[in-house]
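A.B. asks: mmCIF, C-alpha atoms, saved as upload-v4.cif, coming up:
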```cif
data_my_file
loop_
_atom_site.label_atom_id
_atom_site.label_comp_id
_atom_site.auth_asym_id
_atom_site.auth_seq_id
_atom_site.Cartn_x
_atom_site.Cartn_y
_atom_site.Cartn_z
CA MET M 116 -59.82 2.94 11.07
CA THR M 117 -62.14 5.88 10.41
CA ASP M 118 -60.94 9.23 9.12
CA GLN M 119 -61.93 10.68 12.49
CA GLU M 120 -59.66 8.22 14.30
CA ILE M 121 -56.79 8.95 11.92
CA LEU M 122 -57.28 12.69 12.47
CA ALA M 123 -57.24 12.25 16.26
CA GLY M 124 -54.08 10.12 16.08
CA LEU M 125 -52.40 12.60 13.75
CA ALA M 126 -53.30 15.49 16.06
CA GLU M 127 -51.61 13.68 18.96
CA ILE M 128 -48.46 13.19 16.87
CA ILE M 129 -48.38 16.82 15.76
CA ASP M 130 -48.85 17.98 19.34
CA GLU M 131 -45.93 15.84 20.50
CA ILE M 132 -43.53 16.69 17.67
CA ALA M 133 -44.36 20.29 16.81
CA GLY M 134 -46.12 21.46 19.97
CA VAL M 135 -49.29 22.41 18.10
CA PRO M 136 -52.34 21.91 20.37
CA ALA M 137 -54.46 19.01 19.12
CA ASP M 138 -57.63 21.13 18.78
CA GLU M 139 -55.86 23.34 16.21
CA VAL M 140 -55.19 20.34 13.98
CA THR M 141 -58.27 20.47 11.76
CA PRO M 142 -58.57 18.97 8.25
CA GLU M 143 -58.27 22.19 6.23
CA LYS M 144 -55.06 23.37 7.93
CA ASN M 145 -51.95 23.71 5.77
CA PHE M 146 -48.87 22.38 7.60
CA VAL M 147 -46.47 25.11 6.52
CA GLU M 148 -48.76 28.13 6.31
CA ASP M 149 -51.20 27.48 9.16
CA LEU M 150 -49.34 25.27 11.61
CA ASP M 151 -45.77 26.55 11.02
CA ILE M 152 -44.43 23.01 10.56
CA ASP M 153 -41.23 22.74 8.51
CA SER M 154 -39.98 19.95 6.24
CA LEU M 155 -37.92 18.20 8.93
CA SER M 156 -40.89 18.13 11.31
CA MET M 157 -42.95 16.68 8.46
CA VAL M 158 -40.44 13.84 8.21
CA GLU M 159 -40.74 13.23 11.96
CA ILE M 160 -44.52 13.30 11.69
CA ALA M 161 -44.40 10.82 8.78
CA VAL M 162 -42.18 8.48 10.79
CA ALA M 163 -44.44 8.70 13.84
CA ALA M 164 -47.49 8.15 11.61
CA GLN M 165 -45.87 5.00 10.26
CA ASP M 166 -45.40 3.71 13.83
CA LYS M 167 -48.96 4.59 14.76
CA PHE M 168 -50.92 3.65 11.63
CA GLY M 169 -48.58 1.15 9.95
CA VAL M 170 -48.58 3.20 6.75
CA GLU M 171 -45.29 4.32 5.24
CA ILE M 172 -45.24 7.82 3.78
CA PRO M 173 -42.15 8.04 1.51
CA ASP M 174 -40.38 11.38 1.02
CA GLU M 175 -41.61 11.55 -2.60
CA GLN M 176 -45.24 11.41 -1.45
CA LEU M 177 -44.67 13.49 1.67
CA LYS M 178 -43.87 16.63 -0.31
CA ASP M 179 -47.32 16.53 -1.90
CA LEU M 180 -49.19 16.25 1.39
CA LYS M 181 -49.88 19.91 2.12
CA THR M 182 -52.83 19.79 4.49
CA VAL M 183 -53.96 17.71 7.45
CA GLN M 184 -56.72 16.24 5.26
CA ASP M 185 -54.10 15.18 2.66
CA VAL M 186 -52.35 13.05 5.28
CA VAL M 187 -55.62 11.63 6.61
CA THR M 188 -56.65 10.66 3.08
CA PHE M 189 -53.24 9.13 2.31
CA VAL M 190 -53.27 7.03 5.48
CA SER M 191 -56.88 6.02 4.95
CA LYS M 192 -56.24 4.91 1.34
CA ASN M 193 -53.09 2.97 2.17
CA SER M 194 -54.08 1.27 5.41
CA MET C 278 -8.98 -11.75 28.19
CA THR C 279 -7.85 -8.28 29.26
CA GLY C 280 -10.53 -5.63 29.32
CA SER C 281 -10.19 -2.16 27.85
CA LYS C 282 -11.20 1.26 29.11
CA ILE C 283 -10.92 4.93 28.32
CA LEU C 284 -8.39 6.72 30.51
CA ALA C 285 -8.87 10.33 29.43
CA PHE C 286 -10.25 12.71 26.80
CA GLY C 287 -8.98 15.84 25.10
CA GLY C 288 -10.48 18.30 22.65
CA TYR C 289 -9.28 21.07 20.38
CA GLN C 290 -11.15 23.79 18.50
CA PRO C 291 -9.62 26.35 16.14
CA ASP C 292 -9.75 29.96 17.33
CA LYS C 293 -11.87 31.42 14.54
CA VAL C 294 -15.57 31.62 15.43
CA VAL C 295 -18.08 31.90 12.58
CA THR C 296 -21.55 32.99 13.69
CA ASN C 297 -24.82 32.53 11.85
CA ASP C 298 -24.87 36.27 11.20
CA ASP C 299 -21.46 35.95 9.53
CA LEU C 300 -22.90 33.30 7.20
CA ALA C 301 -25.98 35.42 6.48
CA LYS C 302 -23.61 37.96 4.90
CA ILE C 303 -22.35 35.50 2.28
CA VAL C 304 -25.35 33.27 1.60
CA GLU C 305 -29.11 33.69 1.84
CA THR C 306 -29.89 32.46 5.34
CA SER C 307 -30.56 33.83 8.82
CA ASP C 308 -29.67 33.17 12.42
CA GLU C 309 -33.27 32.19 13.15
CA TRP C 310 -33.46 29.76 10.22
CA ILE C 311 -30.19 28.02 11.11
CA ARG C 312 -31.04 27.73 14.81
CA SER C 313 -34.46 26.27 14.10
CA ARG C 314 -33.32 23.79 11.41
CA VAL C 315 -30.01 22.53 12.77
CA GLY C 316 -29.59 24.07 16.24
CA ILE C 317 -26.21 25.66 15.54
CA GLU C 318 -25.40 29.16 16.89
CA SER C 319 -21.73 29.32 15.95
CA ARG C 320 -18.98 27.04 14.70
CA ARG C 321 -15.19 27.04 14.50
CA VAL C 322 -13.15 27.20 11.33
CA ALA C 323 -9.48 26.24 11.03
CA ALA C 324 -6.90 28.81 10.01
CA PRO C 325 -5.86 28.59 6.33
CA GLY C 326 -2.64 26.70 6.99
CA GLU C 327 -3.96 24.64 9.89
CA THR C 328 -4.13 20.94 8.98
CA VAL C 329 -6.01 17.87 10.18
CA ALA C 330 -2.73 16.64 11.69
CA ASP C 331 -2.24 19.95 13.52
CA MET C 332 -5.67 19.71 15.15
CA ALA C 333 -5.25 15.98 15.86
CA GLU C 334 -1.94 16.72 17.54
CA ALA C 335 -3.48 19.41 19.75
CA ALA C 336 -6.35 17.18 20.89
CA GLY C 337 -4.07 14.17 21.27
CA ALA C 338 -1.63 16.13 23.43
CA LYS C 339 -4.45 17.12 25.80
CA ALA C 340 -5.78 13.58 26.11
CA LEU C 341 -2.29 12.22 26.66
CA ALA C 342 -1.55 14.80 29.36
CA ALA C 343 -4.87 14.08 31.08
CA SER C 344 -4.17 10.33 31.04
CA GLY C 345 -0.95 10.76 33.00
CA LEU C 346 0.86 8.41 30.61
CA THR C 347 4.21 9.22 29.06
CA PRO C 348 4.20 9.41 25.24
CA PRO C 349 6.33 6.26 24.81
CA SER C 350 3.65 4.25 26.66
CA ILE C 351 1.41 4.59 23.60
CA ASP C 352 1.92 1.86 21.00
CA LEU C 353 -1.08 2.44 18.74
CA VAL C 354 -2.36 5.69 17.20
CA ILE C 355 -5.52 5.84 15.08
CA VAL C 356 -6.77 9.03 13.46
CA ALA C 357 -10.34 8.93 12.19
CA SER C 358 -10.84 11.53 9.47
CA CYS C 359 -12.50 12.11 6.11
CA SER C 360 -10.90 15.48 5.42
CA ALA C 361 -7.13 14.95 5.43
CA GLU C 362 -5.40 17.25 2.94
CA VAL C 363 -3.46 14.40 1.31
CA PRO C 364 -3.89 10.61 1.12
CA ILE C 365 -0.30 9.99 2.23
CA PRO C 366 1.45 10.31 4.55
CA ASN C 367 -1.30 9.39 6.96
CA ALA C 368 -1.97 11.82 9.78
CA ALA C 369 -1.53 9.23 12.55
CA ALA C 370 2.20 8.62 12.10
CA THR C 371 2.91 12.36 11.84
CA VAL C 372 0.86 13.10 14.95
CA ALA C 373 2.56 10.29 16.87
CA HIS C 374 6.00 11.58 15.93
CA ARG C 375 5.15 15.15 16.91
CA LEU C 376 3.81 13.99 20.27
CA GLY C 377 7.02 12.08 21.03
CA ILE C 378 5.33 8.70 20.76
CA GLY C 379 8.19 6.46 19.61
CA ALA C 380 7.29 4.02 16.83
CA PRO C 381 3.66 3.06 17.32
CA ALA C 382 1.38 1.26 14.93
CA ALA C 383 -0.29 4.24 13.22
CA TYR C 384 -3.05 4.47 10.69
CA ASP C 385 -5.93 6.66 9.54
CA LEU C 386 -9.47 5.38 9.30
CA ASN C 387 -12.37 6.78 7.29
CA ALA C 388 -15.88 6.00 8.42
CA ALA C 389 -16.91 9.65 8.13
CA CYS C 390 -19.08 10.80 11.05
CA ALA C 391 -19.00 7.30 12.58
CA GLY C 392 -15.20 7.35 12.45
CA PHE C 393 -14.47 7.94 16.12
CA CYS C 394 -16.69 5.07 17.27
CA TYR C 395 -15.08 2.80 14.65
CA ALA C 396 -11.58 3.83 15.77
CA LEU C 397 -12.50 3.38 19.42
CA ALA C 398 -13.75 -0.14 18.65
CA ALA C 399 -10.57 -0.96 16.75
CA ALA C 400 -8.40 0.37 19.58
CA SER C 401 -10.43 -1.42 22.24
CA ASP C 402 -10.19 -4.72 20.39
CA SER C 403 -6.45 -4.25 19.88
CA VAL C 404 -5.93 -3.71 23.61
CA ARG C 405 -8.14 -6.65 24.50
CA ALA C 406 -6.38 -8.93 22.04
CA GLY C 407 -2.95 -7.82 23.23
CA SER C 408 -1.96 -6.22 19.90
CA ALA C 409 -1.54 -2.92 21.72
CA ARG C 410 -1.16 -1.83 25.33
CA HIS C 411 -2.21 1.82 25.18
CA ALA C 412 -3.89 3.48 22.21
CA LEU C 413 -4.43 7.11 21.30
CA VAL C 414 -7.66 7.46 19.33
CA ILE C 415 -8.32 10.77 17.59
CA GLY C 416 -11.14 12.15 15.47
CA ALA C 417 -9.92 15.19 13.54
CA GLU C 418 -11.60 17.07 10.73
CA LYS C 419 -11.20 20.11 8.56
CA MET C 420 -14.67 19.77 7.05
CA THR C 421 -14.54 23.34 5.74
CA THR C 422 -12.17 21.92 3.10
CA TRP C 423 -15.25 20.40 1.48
CA ILE C 424 -17.66 23.31 1.84
CA ASP C 425 -19.21 25.18 -1.05
CA TRP C 426 -19.79 28.51 0.70
CA GLN C 427 -22.62 29.25 -1.74
CA ASP C 428 -24.54 26.09 -0.73
CA ARG C 429 -26.66 27.18 2.21
CA SER C 430 -27.77 23.63 2.98
CA THR C 431 -24.24 22.53 3.91
CA CYS C 432 -22.12 25.61 4.69
CA ILE C 433 -24.19 26.30 7.81
CA ILE C 434 -23.58 22.80 9.18
CA PHE C 435 -19.98 21.66 8.85
CA ALA C 436 -17.03 22.84 10.90
CA ASP C 437 -13.51 22.01 12.07
CA GLY C 438 -12.03 20.52 15.22
CA ALA C 439 -10.54 17.45 16.88
CA GLY C 440 -11.12 15.24 19.88
CA ALA C 441 -9.14 12.38 21.37
CA ALA C 442 -9.25 9.57 23.89
CA VAL C 443 -6.57 7.38 25.45
CA VAL C 444 -7.48 3.69 25.68
CA GLY C 445 -5.72 1.23 27.95
CA PRO C 446 -6.15 -2.14 29.65
CA THR C 447 -8.30 -2.69 32.72
CA ALA C 448 -6.76 -3.88 35.96
CA ASP C 449 -7.22 -7.54 36.97
CA GLY C 450 -10.82 -8.14 37.91
CA GLU C 451 -11.96 -4.69 36.74
CA PRO C 452 -14.95 -4.82 34.37
CA SER C 453 -14.30 -3.65 30.82
CA GLY C 454 -14.94 0.05 30.32
CA ILE C 455 -15.68 -0.09 26.61
CA GLY C 456 -18.74 -2.15 25.75
CA PRO C 457 -19.23 -4.29 22.65
CA VAL C 458 -19.56 -2.18 19.52
CA VAL C 459 -22.73 -2.43 17.46
CA TRP C 460 -21.76 -1.29 14.01
CA GLY C 461 -22.83 -1.56 10.42
CA SER C 462 -23.52 0.25 7.19
CA ALA C 463 -26.23 0.96 4.63
CA GLY C 464 -24.32 1.12 1.37
CA ASP C 465 -27.57 1.12 -0.58
CA GLN C 466 -27.92 4.74 0.55
CA ALA C 467 -24.30 5.69 -0.15
CA GLU C 468 -25.31 8.48 -2.49
CA LYS C 469 -27.16 10.36 0.28
CA ILE C 470 -23.97 12.05 1.52
CA THR C 471 -21.14 12.48 -0.97
CA ILE C 472 -18.14 14.56 -1.96
CA PRO C 473 -18.15 14.14 -5.76
CA ALA C 474 -14.74 13.91 -7.41
CA ASP C 475 -15.59 16.65 -9.91
CA THR C 476 -16.65 19.30 -7.39
CA HIS C 477 -14.83 18.33 -4.20
CA THR C 478 -17.69 19.84 -2.21
CA ILE C 479 -19.96 18.01 0.20
CA ARG C 480 -23.54 17.31 -0.87
CA GLN C 481 -26.25 15.67 1.14
CA ASP C 482 -29.89 14.76 0.79
CA GLY C 483 -30.78 16.30 4.12
CA GLN C 484 -34.35 15.07 4.34
CA ALA C 485 -33.42 11.46 3.52
CA VAL C 486 -30.53 11.48 5.97
CA PHE C 487 -32.79 12.98 8.62
CA ARG C 488 -35.33 10.22 8.10
CA TRP C 489 -32.66 7.51 8.23
CA ALA C 490 -31.02 8.91 11.36
CA THR C 491 -34.30 9.36 13.21
CA THR C 492 -35.60 5.88 12.35
CA ALA C 493 -32.61 3.55 12.01
CA MET C 494 -30.28 4.81 14.74
CA HIS C 495 -32.18 4.35 17.99
CA PRO C 496 -32.38 0.55 17.49
CA VAL C 497 -28.58 0.53 17.07
CA ALA C 498 -28.22 2.54 20.27
CA LEU C 499 -30.59 0.22 22.13
CA GLU C 500 -28.66 -2.84 20.98
CA ALA C 501 -25.40 -1.31 22.22
CA CYS C 502 -27.05 -0.80 25.62
CA THR C 503 -28.37 -4.36 25.66
CA ARG C 504 -24.98 -5.78 24.75
CA ALA C 505 -23.35 -3.73 27.51
CA GLY C 506 -25.99 -4.84 30.01
CA VAL C 507 -27.36 -1.37 30.80
CA SER C 508 -30.75 0.20 30.17
CA PRO C 509 -31.07 3.69 28.62
CA ALA C 510 -32.41 4.91 31.98
CA GLU C 511 -29.10 3.98 33.61
CA LEU C 512 -27.01 6.08 31.23
CA SER C 513 -25.47 9.15 32.81
CA ALA C 514 -24.83 10.68 29.39
CA PHE C 515 -25.70 10.17 25.73
CA ILE C 516 -23.20 11.48 23.20
CA PRO C 517 -24.53 11.03 19.67
CA HIS C 518 -22.69 12.40 16.65
CA GLN C 519 -23.39 16.12 16.58
CA ALA C 520 -25.07 16.10 13.18
CA ASN C 521 -28.11 18.27 13.75
CA LEU C 522 -29.73 19.18 17.07
CA ARG C 523 -33.12 18.00 15.80
CA ILE C 524 -31.74 14.56 14.95
CA ILE C 525 -30.08 14.43 18.38
CA GLU C 526 -33.33 15.38 20.12
CA ALA C 527 -35.40 12.93 18.07
CA ILE C 528 -33.10 9.99 18.86
CA ALA C 529 -32.89 10.94 22.55
CA ARG C 530 -36.68 11.19 22.72
CA ARG C 531 -37.04 7.71 21.24
CA LEU C 532 -34.54 6.35 23.76
CA GLY C 533 -36.28 8.15 26.62
CA ILE C 534 -33.09 9.91 27.70
CA PRO C 535 -33.71 13.28 29.39
CA ARG C 536 -32.33 16.34 27.63
CA GLU C 537 -29.86 17.30 30.38
CA ARG C 538 -27.97 14.04 29.85
CA VAL C 539 -27.65 14.53 26.10
CA ALA C 540 -24.62 16.18 24.47
CA ASP C 541 -25.52 19.39 22.61
CA ASP C 542 -22.02 20.52 21.67
CA ILE C 543 -23.23 21.20 18.12
CA VAL C 544 -24.66 24.53 19.30
CA HIS C 545 -21.17 26.07 19.47
CA ALA C 546 -19.08 23.53 17.56
CA GLY C 547 -21.14 22.74 14.45
CA ASN C 548 -20.91 19.35 12.81
CA THR C 549 -17.27 18.25 12.97
CA SER C 550 -17.88 14.74 11.61
CA SER C 551 -15.56 12.20 13.28
CA ALA C 552 -14.37 14.81 15.81
CA SER C 553 -17.81 15.61 17.19
CA ILE C 554 -18.15 12.80 19.74
CA PRO C 555 -14.74 13.12 21.45
CA LEU C 556 -15.02 16.92 21.27
CA ALA C 557 -18.41 16.78 22.99
CA LEU C 558 -17.07 14.30 25.55
CA SER C 559 -14.12 16.48 26.44
CA ARG C 560 -16.34 19.54 26.73
CA MET C 561 -18.83 17.70 28.96
CA ALA C 562 -15.93 16.47 31.12
CA GLU C 563 -14.65 20.06 31.47
CA GLN C 564 -18.13 21.27 32.42
CA GLY C 565 -18.46 18.57 35.06
CA ARG C 566 -21.37 16.99 33.18
CA LEU C 567 -19.77 13.51 33.20
CA GLN C 568 -19.74 11.37 36.32
CA PRO C 569 -16.69 9.09 36.57
CA GLY C 570 -17.51 5.41 36.79
CA THR C 571 -20.94 5.73 35.17
CA PRO C 572 -22.06 4.40 31.76
CA ALA C 573 -22.33 6.74 28.78
CA LEU C 574 -23.56 5.88 25.30
CA LEU C 575 -21.72 6.91 22.13
CA LEU C 576 -23.46 6.78 18.75
CA GLY C 577 -21.73 7.71 15.50
CA PHE C 578 -23.53 7.82 12.13
CA GLY C 579 -23.15 9.51 8.79
CA ALA C 580 -21.78 9.12 5.29
CA GLY C 581 -21.45 5.59 4.02
CA LEU C 582 -23.96 5.36 5.40
CA SER C 583 -21.92 3.97 8.31
CA TYR C 584 -22.81 3.77 11.98
CA ALA C 585 -21.43 2.46 15.27
CA ALA C 586 -22.42 2.62 18.93
CA GLN C 587 -20.89 1.52 22.19
CA VAL C 588 -21.37 2.12 25.91
CA ILE C 589 -18.30 3.38 27.73
CA THR C 590 -17.52 3.84 31.39
CA VAL C 591 -16.71 7.51 32.02
CA PRO C 592 -13.08 7.82 33.20
#
```
Spell out the structure here as structure tokens.
C.D. replies:
Amino acid sequence: MTDQEILAGLAEIIDEIAGVPADEVTPEKNFVEDLDIDSLSMVEIAVAAQDKFGVEIPDEQLKDLKTVQDVVTFVSKNS
Amino acid sequence: MTGSKILAFGGYQPDKVVTNDDLAKIVETSDEWIRSRVGIESRRVAAPGETVADMAEAAGAKALAASGLTPPSIDLVIVASCSAEVPIPNAAATVAHRLGIGAPAAYDLNAACAGFCYALAAASDSVRAGSARHALVIGAEKMTTWIDWQDRSTCIIFADGAGAAVVGPTADGEPSGIGPVVWGSAGDQAEKITIPADTHTIRQDGQAVFRWATTAMHPVALEACTRAGVSPAELSAFIPHQANLRIIEAIARRLGIPRERVADDIVHAGNTSSASIPLALSRMAEQGRLQPGTPALLLGFGAGLSYAAQVITVP
């Protein structure tokens, strides 16, 4: 899977869970500061990402994933 | 084998309302923060001298009256609770005596927030096996006993209340009204929700519990539907433990159950642990949101970590 495909899939998830339009989900965006996504939504996003990409994002790693690019990189490296 | 069914519900909430603004005066939080994280607007808190048995009695009396049965018809009383003031005497025998129920089998059961579903399963099996004819099943909690009012991650969540159901046998040829229970536990995660002996205050790893509840519980719910022979689309109501509105919504979304069929009693009741499911059921019945004769799904989950689900036929 390319980073572009992961980004598109992640944007769909974020749209569904947090109601953030997919075109606003760009790599440099910070989840908390730019997209107003809280820690519980991050857990839901991690769970949905696991279903979609087959990559588990444990809570210990999740707290270090601050931006959209961080998640894309994590999924890319672990898939 | 005789079938079992629920005959009636009853609920009780203490008078004292505690709003989010009230909590914001004693701990650093806000109405907006609490609503967005857990979905609670207000909760009820028991009076200082009000006990688990007092609340159980009040809910039990309502369920008994609604069932049309006389107190002596009940021969089994189970109180699910994890917040009784004392280990003995158990609440069940006291409640039975106060309600004029002669000399029933009576015991308390602790499966925390899954307690009501566990007790309902135990009562249903007792009726089906012929160990009891009519059972009074109560979930009653004074969770504020365990609250550290300086801990903003828990004091905004937990609350007090009680709910009850009367279980009895089905008529000849009538299908059973309480489906097979799907229950279990995840003791490897026991430390995620605890009341340590040295502090006597409730602590939970909210994020870990959230992840567990939103990933491990919908398969349990689906299996309960399968074992009862109904699809989620056929459910007229879904009554999960009222833990956190976001957990409730996430599980409902995964089951594909529309929001209007999902209990949201937590908004004005808070998390009352084992009382939350029967309390939500009795409120939905009062509001006319339950259709008699239709299937509804119950799903309890919490400390243990313990969980249980069953499909019931709405009385």
A.B. asks: Take the PyMOL selection byres ((chain C) within 12 of (chain M)), run it mentally on this structure, and tell me the resulting residues as an MDAnalysis selection string.
C.D. replies: chainID C and resid 310 313:315 482:493 521:524 526:528 530:531
A.B. asks: Evaluated on this file, the PyMOL selection byres ((chain M and resi 129) around 12) picks out some residues - which ones are they, written as number ranges by chain?
C.D. replies: M: 122-128, 130-141, 146, 150-153, 156-164, 183, 186
A.B. asks: Just C-alpha atoms for this one: save the residues we selected as an mmCIF file, in the frame of the given file.
C.D. replies:
```
data_model
loop_
_atom_site.group_PDB
_atom_site.id
_atom_site.type_symbol
_atom_site.label_atom_id
_atom_site.label_comp_id
_atom_site.auth_asym_id
_atom_site.auth_seq_id
_atom_site.Cartn_x
_atom_site.Cartn_y
_atom_site.Cartn_z
ATOM 1 C CA LEU M 122 -57.280 12.690 12.470
ATOM 2 C CA ALA M 123 -57.240 12.250 16.260
ATOM 3 C CA GLY M 124 -54.080 10.120 16.080
ATOM 4 C CA LEU M 125 -52.400 12.600 13.750
ATOM 5 C CA ALA M 126 -53.300 15.490 16.060
ATOM 6 C CA GLU M 127 -51.610 13.680 18.960
ATOM 7 C CA ILE M 128 -48.460 13.190 16.870
ATOM 8 C CA ASP M 130 -48.850 17.980 19.340
ATOM 9 C CA GLU M 131 -45.930 15.840 20.500
ATOM 10 C CA ILE M 132 -43.530 16.690 17.670
ATOM 11 C CA ALA M 133 -44.360 20.290 16.810
ATOM 12 C CA GLY M 134 -46.120 21.460 19.970
ATOM 13 C CA VAL M 135 -49.290 22.410 18.100
ATOM 14 C CA PRO M 136 -52.340 21.910 20.370
ATOM 15 C CA ALA M 137 -54.460 19.010 19.120
ATOM 16 C CA ASP M 138 -57.630 21.130 18.780
ATOM 17 C CA GLU M 139 -55.860 23.340 16.210
ATOM 18 C CA VAL M 140 -55.190 20.340 13.980
ATOM 19 C CA THR M 141 -58.270 20.470 11.760
ATOM 20 C CA PHE M 146 -48.870 22.380 7.600
ATOM 21 C CA LEU M 150 -49.340 25.270 11.610
ATOM 22 C CA ASP M 151 -45.770 26.550 11.020
ATOM 23 C CA ILE M 152 -44.430 23.010 10.560
ATOM 24 C CA ASP M 153 -41.230 22.740 8.510
ATOM 25 C CA SER M 156 -40.890 18.130 11.310
ATOM 26 C CA MET M 157 -42.950 16.680 8.460
ATOM 27 C CA VAL M 158 -40.440 13.840 8.210
ATOM 28 C CA GLU M 159 -40.740 13.230 11.960
ATOM 29 C CA ILE M 160 -44.520 13.300 11.690
ATOM 30 C CA ALA M 161 -44.400 10.820 8.780
ATOM 31 C CA VAL M 162 -42.180 8.480 10.790
ATOM 32 C CA ALA M 163 -44.440 8.700 13.840
ATOM 33 C CA ALA M 164 -47.490 8.150 11.610
ATOM 34 C CA VAL M 183 -53.960 17.710 7.450
ATOM 35 C CA VAL M 186 -52.350 13.050 5.280
#
```
A.B. asks: Could you list, as a PyMOL selection string, every residue matched by the PyMOL selection byres ((chain C and resi 338) around 12) in this structure?
C.D. replies: chain C and resi 285-289+330-337+339-348+351+372-378+413-415+439-443
A.B. asks: Could those selected residues go to a file with C-alpha atoms, as a tab-separated table (two decimals), keeping the file's coordinate frame?
C.D. replies:
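For reference, part-v6.tsv as written:
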```tsv
chain	number	residue	atom	x	y	z
C	285	ALA	CA	-8.87	10.33	29.43
C	286	PHE	CA	-10.25	12.71	26.80
C	287	GLY	CA	-8.98	15.84	25.10
C	288	GLY	CA	-10.48	18.30	22.65
C	289	TYR	CA	-9.28	21.07	20.38
C	330	ALA	CA	-2.73	16.64	11.69
C	331	ASP	CA	-2.24	19.95	13.52
C	332	MET	CA	-5.67	19.71	15.15
C	333	ALA	CA	-5.25	15.98	15.86
C	334	GLU	CA	-1.94	16.72	17.54
C	335	ALA	CA	-3.48	19.41	19.75
C	336	ALA	CA	-6.35	17.18	20.89
C	337	GLY	CA	-4.07	14.17	21.27
C	339	LYS	CA	-4.45	17.12	25.80
C	340	ALA	CA	-5.78	13.58	26.11
C	341	LEU	CA	-2.29	12.22	26.66
C	342	ALA	CA	-1.55	14.80	29.36
C	343	ALA	CA	-4.87	14.08	31.08
C	344	SER	CA	-4.17	10.33	31.04
C	345	GLY	CA	-0.95	10.76	33.00
C	346	LEU	CA	0.86	8.41	30.61
C	347	THR	CA	4.21	9.22	29.06
C	348	PRO	CA	4.20	9.41	25.24
C	351	ILE	CA	1.41	4.59	23.60
C	372	VAL	CA	0.86	13.10	14.95
C	373	ALA	CA	2.56	10.29	16.87
C	374	HIS	CA	6.00	11.58	15.93
C	375	ARG	CA	5.15	15.15	16.91
C	376	LEU	CA	3.81	13.99	20.27
C	377	GLY	CA	7.02	12.08	21.03
C	378	ILE	CA	5.33	8.70	20.76
C	413	LEU	CA	-4.43	7.11	21.30
C	414	VAL	CA	-7.66	7.46	19.33
C	415	ILE	CA	-8.32	10.77	17.59
C	439	ALA	CA	-10.54	17.45	16.88
C	440	GLY	CA	-11.12	15.24	19.88
C	441	ALA	CA	-9.14	12.38	21.37
C	442	ALA	CA	-9.25	9.57	23.89
C	443	VAL	CA	-6.57	7.38	25.45
```
A.B. asks: Hey, what's within 6 Å of Val591 (chain C) if we count all atoms listed in the file and toss same-chain stuff fewer than 3 positions away? As a VMD selection string, please?
C.D. replies: chain C and resid 569 to 571
A.B. asks: For a test of reading the model, state the distance in Å between CA of Ala514 (chain C) and CA of Arg536 (chain C), rounded to one decimal.
C.D. replies: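 That distance, rounded to one decimal, is 9.6 Å.
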A.B. asks: Using only C-alpha atoms, pick whichever of C:Thr503, C:Thr476, C:Gln587, C:Thr447 has the shortest atom-to-atom distance to Ala398 (chain C).
C.D. replies: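 For Ala398 (chain C), the nearest of the candidates is C:Gln587.
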A.B. asks: Take the point (-17.1, 6.8, 25.1) as written in the file and pick out every residue within 8 Å of it, counting only C-alpha atoms; give the list as a PyMOL selection string.
C.D. replies: chain C and resi 283+455+516+555+558+573-575+587-591
A.B. asks: With all atoms listed in the file as the atoms that count, which of C:Ser553, C:Ser281, C:Ser513, C:Ser583 lies nearest to Ile470 (chain C)?
C.D. replies: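 Using all atoms listed in the file, the shortest distance to Ile470 (chain C) belongs to C:Ser583.
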